>>> print(open('coords_37.txt').read())   # compact mmCIF, N, CA and C atoms
# COMPACT_ATOMS: atom_id res chain seq x y z
N MET N 1162 11.51 9.17 -24.09
CA MET N 1162 10.19 9.49 -24.59
C MET N 1162 9.88 8.59 -25.77
N SER N 1163 8.69 8.08 -25.82
CA SER N 1163 8.37 7.09 -26.84
C SER N 1163 7.92 7.75 -28.13
N SER N 1164 8.16 7.03 -29.20
CA SER N 1164 7.73 7.46 -30.53
C SER N 1164 6.51 6.65 -30.90
N ASP N 1165 5.70 7.17 -31.80
CA ASP N 1165 4.54 6.45 -32.26
C ASP N 1165 4.92 5.67 -33.51
N PHE N 1166 5.21 4.40 -33.31
CA PHE N 1166 5.62 3.55 -34.42
C PHE N 1166 4.41 2.89 -35.08
N THR N 1167 3.20 3.11 -34.58
CA THR N 1167 2.04 2.42 -35.13
C THR N 1167 1.68 2.91 -36.51
N SER N 1168 2.00 4.15 -36.84
CA SER N 1168 1.63 4.69 -38.14
C SER N 1168 2.78 4.61 -39.14
N LEU N 1169 3.92 4.07 -38.72
CA LEU N 1169 5.08 3.97 -39.58
C LEU N 1169 5.31 2.53 -40.01
N GLU N 1170 5.93 2.39 -41.11
CA GLU N 1170 6.43 1.07 -41.47
C GLU N 1170 7.78 0.96 -40.79
N ILE N 1171 7.94 -0.07 -39.99
CA ILE N 1171 9.17 -0.23 -39.22
C ILE N 1171 10.19 -0.98 -40.06
N THR N 1172 11.32 -0.35 -40.20
CA THR N 1172 12.42 -0.99 -40.93
C THR N 1172 13.26 -1.79 -39.95
N PRO N 1173 14.06 -2.72 -40.43
CA PRO N 1173 14.87 -3.53 -39.52
C PRO N 1173 15.75 -2.70 -38.59
N ASP N 1174 16.28 -1.58 -39.05
CA ASP N 1174 17.13 -0.78 -38.19
C ASP N 1174 16.34 0.02 -37.15
N MET N 1175 15.02 0.08 -37.28
CA MET N 1175 14.16 0.78 -36.31
C MET N 1175 13.57 -0.18 -35.27
N LEU N 1176 13.69 -1.49 -35.50
CA LEU N 1176 13.02 -2.47 -34.66
C LEU N 1176 13.44 -2.36 -33.19
N ASP N 1177 14.73 -2.24 -32.91
CA ASP N 1177 15.20 -2.13 -31.53
C ASP N 1177 14.56 -0.96 -30.80
N ASP N 1178 14.53 0.21 -31.47
CA ASP N 1178 13.92 1.39 -30.85
C ASP N 1178 12.42 1.21 -30.66
N ALA N 1179 11.77 0.60 -31.63
CA ALA N 1179 10.32 0.39 -31.53
C ALA N 1179 10.00 -0.50 -30.33
N ILE N 1180 10.74 -1.59 -30.18
CA ILE N 1180 10.50 -2.50 -29.06
C ILE N 1180 10.81 -1.81 -27.73
N ALA N 1181 11.90 -1.07 -27.67
CA ALA N 1181 12.26 -0.35 -26.44
C ALA N 1181 11.17 0.64 -26.06
N ASP N 1182 10.61 1.35 -27.03
CA ASP N 1182 9.55 2.32 -26.73
C ASP N 1182 8.28 1.63 -26.24
N ILE N 1183 7.94 0.52 -26.86
CA ILE N 1183 6.75 -0.22 -26.44
C ILE N 1183 6.93 -0.71 -25.00
N LEU N 1184 8.09 -1.26 -24.70
CA LEU N 1184 8.36 -1.75 -23.35
C LEU N 1184 8.37 -0.62 -22.32
N GLU N 1185 8.89 0.53 -22.71
CA GLU N 1185 8.89 1.69 -21.81
C GLU N 1185 7.46 2.12 -21.50
N ASP N 1186 6.62 2.20 -22.53
CA ASP N 1186 5.22 2.58 -22.32
C ASP N 1186 4.52 1.55 -21.42
N TYR N 1187 4.78 0.29 -21.67
CA TYR N 1187 4.18 -0.78 -20.88
C TYR N 1187 4.66 -0.69 -19.43
N GLY N 1188 5.93 -0.44 -19.24
CA GLY N 1188 6.49 -0.29 -17.89
C GLY N 1188 5.85 0.87 -17.14
N ASP N 1189 5.63 1.99 -17.84
CA ASP N 1189 4.98 3.14 -17.22
C ASP N 1189 3.55 2.80 -16.79
N ALA N 1190 2.85 2.06 -17.65
CA ALA N 1190 1.47 1.66 -17.33
C ALA N 1190 1.45 0.72 -16.13
N ILE N 1191 2.38 -0.22 -16.08
CA ILE N 1191 2.47 -1.16 -14.95
C ILE N 1191 2.79 -0.41 -13.66
N TYR N 1192 3.72 0.54 -13.73
CA TYR N 1192 4.10 1.31 -12.54
C TYR N 1192 2.89 2.07 -11.99
N GLN N 1193 2.17 2.77 -12.86
CA GLN N 1193 1.01 3.55 -12.43
C GLN N 1193 -0.07 2.65 -11.85
N ALA N 1194 -0.32 1.53 -12.51
CA ALA N 1194 -1.33 0.59 -12.01
C ALA N 1194 -0.90 0.00 -10.67
N THR N 1195 0.38 -0.25 -10.49
CA THR N 1195 0.88 -0.78 -9.22
C THR N 1195 0.71 0.25 -8.11
N GLU N 1196 0.98 1.51 -8.39
CA GLU N 1196 0.76 2.57 -7.40
C GLU N 1196 -0.72 2.60 -6.98
N GLU N 1197 -1.62 2.51 -7.96
CA GLU N 1197 -3.05 2.50 -7.65
C GLU N 1197 -3.42 1.24 -6.86
N GLY N 1198 -2.79 0.13 -7.21
CA GLY N 1198 -3.03 -1.11 -6.49
C GLY N 1198 -2.57 -1.05 -5.05
N LEU N 1199 -1.44 -0.41 -4.82
CA LEU N 1199 -0.95 -0.26 -3.44
C LEU N 1199 -1.89 0.62 -2.61
N THR N 1200 -2.48 1.62 -3.24
CA THR N 1200 -3.46 2.44 -2.54
C THR N 1200 -4.68 1.60 -2.18
N ALA N 1201 -5.11 0.73 -3.09
CA ALA N 1201 -6.23 -0.17 -2.80
C ALA N 1201 -5.87 -1.14 -1.68
N ALA N 1202 -4.64 -1.65 -1.69
CA ALA N 1202 -4.17 -2.57 -0.64
C ALA N 1202 -4.12 -1.86 0.71
N GLU N 1203 -3.69 -0.61 0.69
CA GLU N 1203 -3.65 0.19 1.92
C GLU N 1203 -5.05 0.30 2.52
N LYS N 1204 -6.04 0.52 1.68
CA LYS N 1204 -7.43 0.63 2.16
C LYS N 1204 -7.91 -0.69 2.76
N VAL N 1205 -7.50 -1.81 2.16
CA VAL N 1205 -7.85 -3.13 2.69
C VAL N 1205 -7.27 -3.29 4.09
N LEU N 1206 -5.99 -2.96 4.26
CA LEU N 1206 -5.35 -3.10 5.56
C LEU N 1206 -6.00 -2.20 6.60
N ILE N 1207 -6.28 -0.97 6.24
CA ILE N 1207 -6.93 -0.04 7.18
C ILE N 1207 -8.28 -0.60 7.61
N LYS N 1208 -9.06 -1.09 6.67
CA LYS N 1208 -10.37 -1.68 6.99
C LYS N 1208 -10.21 -2.84 7.97
N ASN N 1209 -9.25 -3.72 7.70
CA ASN N 1209 -9.04 -4.89 8.56
C ASN N 1209 -8.49 -4.51 9.94
N LEU N 1210 -7.64 -3.49 10.00
CA LEU N 1210 -7.14 -3.02 11.30
C LEU N 1210 -8.26 -2.40 12.13
N LYS N 1211 -9.14 -1.68 11.47
CA LYS N 1211 -10.29 -1.10 12.19
C LYS N 1211 -11.16 -2.20 12.78
N ILE N 1212 -11.37 -3.26 12.02
CA ILE N 1212 -12.19 -4.38 12.49
C ILE N 1212 -11.51 -5.10 13.66
N ALA N 1213 -10.19 -5.29 13.57
CA ALA N 1213 -9.45 -6.05 14.58
C ALA N 1213 -9.08 -5.24 15.82
N SER N 1214 -9.18 -3.93 15.77
CA SER N 1214 -8.78 -3.08 16.90
C SER N 1214 -9.65 -3.33 18.12
N PRO N 1215 -9.04 -3.27 19.30
CA PRO N 1215 -9.83 -3.41 20.54
C PRO N 1215 -10.92 -2.33 20.58
N LYS N 1216 -12.12 -2.73 20.89
CA LYS N 1216 -13.26 -1.80 20.86
C LYS N 1216 -13.40 -1.00 22.16
N LYS N 1217 -12.78 -1.47 23.23
CA LYS N 1217 -12.94 -0.81 24.52
C LYS N 1217 -12.05 0.42 24.66
N ILE N 1218 -11.26 0.72 23.65
CA ILE N 1218 -10.28 1.81 23.77
C ILE N 1218 -10.75 3.02 22.96
N GLY N 1219 -11.86 3.57 23.33
CA GLY N 1219 -12.35 4.81 22.73
C GLY N 1219 -12.37 4.82 21.22
N LYS N 1220 -11.72 5.80 20.65
CA LYS N 1220 -11.74 6.01 19.21
C LYS N 1220 -10.51 5.43 18.50
N PHE N 1221 -9.79 4.55 19.16
CA PHE N 1221 -8.57 3.98 18.60
C PHE N 1221 -8.81 3.38 17.21
N ALA N 1222 -9.85 2.60 17.07
CA ALA N 1222 -10.12 1.90 15.79
C ALA N 1222 -10.33 2.89 14.65
N LYS N 1223 -10.88 4.04 14.94
CA LYS N 1223 -11.18 5.02 13.90
C LYS N 1223 -9.96 5.82 13.45
N LYS N 1224 -8.84 5.69 14.15
CA LYS N 1224 -7.67 6.53 13.86
C LYS N 1224 -6.65 5.88 12.94
N TRP N 1225 -6.95 4.73 12.33
CA TRP N 1225 -6.03 4.13 11.37
C TRP N 1225 -6.07 4.93 10.09
N LYS N 1226 -4.90 5.32 9.60
CA LYS N 1226 -4.80 6.15 8.39
C LYS N 1226 -3.56 5.76 7.60
N GLY N 1227 -3.65 6.01 6.30
CA GLY N 1227 -2.47 5.87 5.45
C GLY N 1227 -1.57 7.06 5.68
N LYS N 1228 -0.27 6.84 5.56
CA LYS N 1228 0.71 7.91 5.81
C LYS N 1228 1.14 8.62 4.54
N GLY N 1229 0.41 8.43 3.46
CA GLY N 1229 0.73 9.14 2.22
C GLY N 1229 1.64 8.35 1.30
N LYS N 1230 2.01 8.99 0.21
CA LYS N 1230 2.83 8.37 -0.83
C LYS N 1230 4.23 8.97 -0.85
N LYS N 1231 4.84 9.02 0.30
CA LYS N 1231 6.17 9.64 0.40
C LYS N 1231 7.21 8.88 -0.42
N TYR N 1232 7.08 7.55 -0.47
CA TYR N 1232 8.04 6.72 -1.17
C TYR N 1232 7.36 6.00 -2.33
N LYS N 1233 8.06 5.84 -3.42
CA LYS N 1233 7.52 5.14 -4.58
C LYS N 1233 7.33 3.66 -4.25
N LEU N 1234 6.21 3.14 -4.68
CA LEU N 1234 5.87 1.73 -4.52
C LEU N 1234 5.90 1.26 -3.06
N ARG N 1235 5.53 2.16 -2.14
CA ARG N 1235 5.44 1.85 -0.71
C ARG N 1235 4.22 2.56 -0.13
N ARG N 1236 3.59 1.92 0.83
CA ARG N 1236 2.53 2.55 1.58
C ARG N 1236 2.75 2.21 3.06
N TYR N 1237 2.45 3.16 3.92
CA TYR N 1237 2.57 2.95 5.35
C TYR N 1237 1.24 3.31 6.01
N VAL N 1238 0.87 2.52 6.99
CA VAL N 1238 -0.38 2.73 7.72
C VAL N 1238 -0.02 2.89 9.19
N GLY N 1239 -0.69 3.82 9.85
CA GLY N 1239 -0.42 4.04 11.27
C GLY N 1239 -1.66 4.49 12.00
N ASN N 1240 -1.52 4.59 13.31
CA ASN N 1240 -2.60 5.04 14.17
C ASN N 1240 -2.05 6.18 15.02
N SER N 1241 -2.78 7.29 15.04
CA SER N 1241 -2.28 8.49 15.72
C SER N 1241 -2.68 8.59 17.19
N THR N 1242 -3.33 7.58 17.74
CA THR N 1242 -3.74 7.63 19.14
C THR N 1242 -2.51 7.55 20.06
N MET N 1243 -2.39 8.53 20.94
CA MET N 1243 -1.27 8.61 21.87
C MET N 1243 -1.79 8.51 23.31
N VAL N 1244 -0.95 7.97 24.19
CA VAL N 1244 -1.28 7.91 25.61
C VAL N 1244 -0.07 8.40 26.40
N LYS N 1245 -0.34 8.89 27.61
CA LYS N 1245 0.75 9.35 28.47
C LYS N 1245 1.29 8.18 29.28
N SER N 1246 2.61 8.12 29.34
CA SER N 1246 3.28 7.10 30.14
C SER N 1246 4.60 7.67 30.62
N GLY N 1247 4.76 7.78 31.90
CA GLY N 1247 5.98 8.33 32.46
C GLY N 1247 6.22 9.77 32.02
N GLY N 1248 5.15 10.52 31.84
CA GLY N 1248 5.26 11.92 31.43
C GLY N 1248 5.50 12.12 29.94
N LYS N 1249 5.55 11.04 29.16
CA LYS N 1249 5.77 11.13 27.72
C LYS N 1249 4.55 10.62 26.97
N GLU N 1250 4.39 11.11 25.75
CA GLU N 1250 3.35 10.61 24.86
C GLU N 1250 3.90 9.41 24.10
N ILE N 1251 3.18 8.31 24.15
CA ILE N 1251 3.60 7.08 23.48
C ILE N 1251 2.46 6.61 22.58
N PRO N 1252 2.77 6.12 21.37
CA PRO N 1252 1.71 5.60 20.51
C PRO N 1252 1.03 4.39 21.16
N LEU N 1253 -0.27 4.44 21.27
CA LEU N 1253 -1.02 3.35 21.88
C LEU N 1253 -0.83 2.05 21.10
N ALA N 1254 -0.68 2.14 19.80
CA ALA N 1254 -0.45 0.94 18.99
C ALA N 1254 0.81 0.20 19.45
N ASN N 1255 1.84 0.93 19.81
CA ASN N 1255 3.07 0.30 20.30
C ASN N 1255 2.84 -0.45 21.61
N ILE N 1256 2.08 0.15 22.50
CA ILE N 1256 1.79 -0.50 23.77
C ILE N 1256 0.98 -1.77 23.54
N LEU N 1257 -0.05 -1.66 22.71
CA LEU N 1257 -0.90 -2.82 22.45
C LEU N 1257 -0.12 -3.96 21.77
N GLU N 1258 0.78 -3.60 20.91
CA GLU N 1258 1.50 -4.62 20.13
C GLU N 1258 2.70 -5.21 20.88
N TYR N 1259 3.39 -4.39 21.67
CA TYR N 1259 4.67 -4.83 22.23
C TYR N 1259 4.77 -4.90 23.74
N SER N 1260 3.85 -4.31 24.46
CA SER N 1260 3.97 -4.29 25.92
C SER N 1260 3.82 -5.70 26.49
N THR N 1261 4.72 -6.02 27.43
CA THR N 1261 4.64 -7.32 28.09
C THR N 1261 3.60 -7.30 29.22
N LEU N 1262 3.22 -6.09 29.67
CA LEU N 1262 2.23 -5.98 30.75
C LEU N 1262 0.82 -5.71 30.23
N HIS N 1263 0.71 -4.82 29.24
CA HIS N 1263 -0.60 -4.37 28.78
C HIS N 1263 -0.87 -4.74 27.32
N GLY N 1264 -0.03 -5.55 26.75
CA GLY N 1264 -0.13 -5.85 25.34
C GLY N 1264 -1.32 -6.73 24.98
N LYS N 1265 -1.88 -6.42 23.84
CA LYS N 1265 -2.92 -7.23 23.22
C LYS N 1265 -2.60 -7.25 21.72
N PRO N 1266 -1.52 -7.94 21.36
CA PRO N 1266 -1.03 -7.89 19.98
C PRO N 1266 -2.09 -8.30 18.95
N PHE N 1267 -2.23 -7.48 17.93
CA PHE N 1267 -3.15 -7.80 16.84
C PHE N 1267 -2.68 -7.22 15.51
N ILE N 1268 -1.78 -6.26 15.51
CA ILE N 1268 -1.40 -5.55 14.29
C ILE N 1268 -0.66 -6.48 13.33
N ARG N 1269 0.37 -7.15 13.81
CA ARG N 1269 1.17 -8.04 12.94
C ARG N 1269 0.29 -9.17 12.39
N ASN N 1270 -0.56 -9.75 13.26
CA ASN N 1270 -1.44 -10.82 12.80
C ASN N 1270 -2.46 -10.32 11.78
N THR N 1271 -2.97 -9.12 12.00
CA THR N 1271 -3.93 -8.55 11.05
C THR N 1271 -3.26 -8.32 9.71
N TYR N 1272 -2.04 -7.80 9.75
CA TYR N 1272 -1.29 -7.61 8.50
C TYR N 1272 -1.09 -8.95 7.79
N ALA N 1273 -0.62 -9.95 8.53
CA ALA N 1273 -0.37 -11.27 7.93
C ALA N 1273 -1.65 -11.86 7.35
N ASN N 1274 -2.75 -11.70 8.05
CA ASN N 1274 -4.03 -12.24 7.57
C ASN N 1274 -4.61 -11.43 6.42
N SER N 1275 -4.10 -10.24 6.18
CA SER N 1275 -4.59 -9.36 5.11
C SER N 1275 -3.79 -9.49 3.83
N VAL N 1276 -2.68 -10.18 3.86
CA VAL N 1276 -1.77 -10.21 2.71
C VAL N 1276 -2.46 -10.70 1.44
N ASP N 1277 -3.21 -11.80 1.51
CA ASP N 1277 -3.88 -12.31 0.31
C ASP N 1277 -4.86 -11.29 -0.26
N GLU N 1278 -5.65 -10.69 0.60
CA GLU N 1278 -6.64 -9.70 0.16
C GLU N 1278 -5.95 -8.46 -0.43
N MET N 1279 -4.83 -8.06 0.18
CA MET N 1279 -4.09 -6.91 -0.35
C MET N 1279 -3.47 -7.24 -1.70
N ALA N 1280 -2.92 -8.44 -1.83
CA ALA N 1280 -2.32 -8.86 -3.11
C ALA N 1280 -3.38 -8.88 -4.21
N LYS N 1281 -4.56 -9.36 -3.88
CA LYS N 1281 -5.66 -9.37 -4.87
C LYS N 1281 -6.03 -7.95 -5.27
N ALA N 1282 -6.05 -7.04 -4.32
CA ALA N 1282 -6.38 -5.64 -4.63
C ALA N 1282 -5.35 -5.05 -5.58
N VAL N 1283 -4.07 -5.34 -5.35
CA VAL N 1283 -3.01 -4.85 -6.24
C VAL N 1283 -3.18 -5.46 -7.63
N MET N 1284 -3.35 -6.77 -7.69
CA MET N 1284 -3.48 -7.44 -8.99
C MET N 1284 -4.70 -6.95 -9.76
N ASN N 1285 -5.80 -6.71 -9.08
CA ASN N 1285 -7.00 -6.19 -9.76
C ASN N 1285 -6.73 -4.84 -10.40
N GLU N 1286 -6.02 -3.97 -9.69
CA GLU N 1286 -5.70 -2.65 -10.25
C GLU N 1286 -4.72 -2.76 -11.42
N ILE N 1287 -3.77 -3.67 -11.33
CA ILE N 1287 -2.83 -3.86 -12.43
C ILE N 1287 -3.56 -4.39 -13.67
N LYS N 1288 -4.47 -5.34 -13.46
CA LYS N 1288 -5.24 -5.87 -14.59
C LYS N 1288 -6.11 -4.80 -15.24
N LYS N 1289 -6.67 -3.90 -14.41
CA LYS N 1289 -7.49 -2.80 -14.96
C LYS N 1289 -6.63 -1.81 -15.74
N GLY N 1290 -5.41 -1.59 -15.25
CA GLY N 1290 -4.58 -0.54 -15.83
C GLY N 1290 -3.77 -0.95 -17.04
N VAL N 1291 -3.71 -2.24 -17.32
CA VAL N 1291 -2.86 -2.69 -18.43
C VAL N 1291 -3.69 -3.27 -19.55
>>> encode(input="coords_37.txt", output="C-alpha cells")
Amino acid sequence: MSSDFTSLEITPDMLDDAIADILEDYGDAIYQATEEGLTAAEKVLIKNLKIASPKKIGKFAKKWKGKGKKYKLRRYVGNSTMVKSGGKEIPLANILEYSTLHGKPFIRNTYANSVDEMAKAVMNEIKKGV
C-alpha cells in the first residue's frame, strides 16, 4: 500500500520507499488502463469479424461476442452459432475456418488485419489512463 510522500519532506532514508510507492501506483494505473485497452481492442475485433463474416449464413455475423474477463490481461472472442453434423453440434466458426470441404477461412486473416487497430485502441486507453 502506498504512502503519500507528497506532503512530507523526504529524507535520504525514505527515498527508496518513496520511489517504490510511486512505481507501484504507476504500475496499478498502467494495469487498469491496459485492461480497459484490451476491452477496446476486443470491440475492434468483434466489429471487424462482423464485417468479414459471410452474409449468407443467417445471423452468424451478429453472434460475435467477447467471452468476458476470466483471465487478467486477456480477452477472448467467439461466435455461438452451432450447426448439426453427424448428430453433434459443432461451432460454425470451426467449419468455416478449418473445413477442407466447406471452409471459407476469414477469422485468422481478420484477426491479423485487425492487430494494428487493436494495438492503437490499447495504446489510446493507456494514454488516457496515465
>>> atom_distance(input="coords_37.txt", atom1="atom N of N:Lys1228", atom2="atom C of N:Met1243")
17.9 Å
>>> atom_distance(input="coords_37.txt", atom1="atom N of N:Gln1193", atom2="atom CA of N:Gly1227")
19.1 Å
>>> atom_distance(input="coords_37.txt", atom1="atom CA of N:Ala1254", atom2="atom CA of N:Pro1266")
8.9 Å
>>> select_by_dssp(input="coords_37.txt", residues="stretch 1235-1275 of chain N", states="strand (DSSP E)", output="list in words")
Val1238, Gly1239, Asn1240, Met1243, Val1244, Lys1245, Ser1246, Lys1249, Glu1250, Ile1251 and Pro1252 of chain N
>>> closest_residue(input="coords_37.txt", among="N:Ile1207, N:Leu1262, N:Ile1287, N:Ala1213", to="N:Tyr1192", atoms="all atoms listed in the file")
N:Ile1287
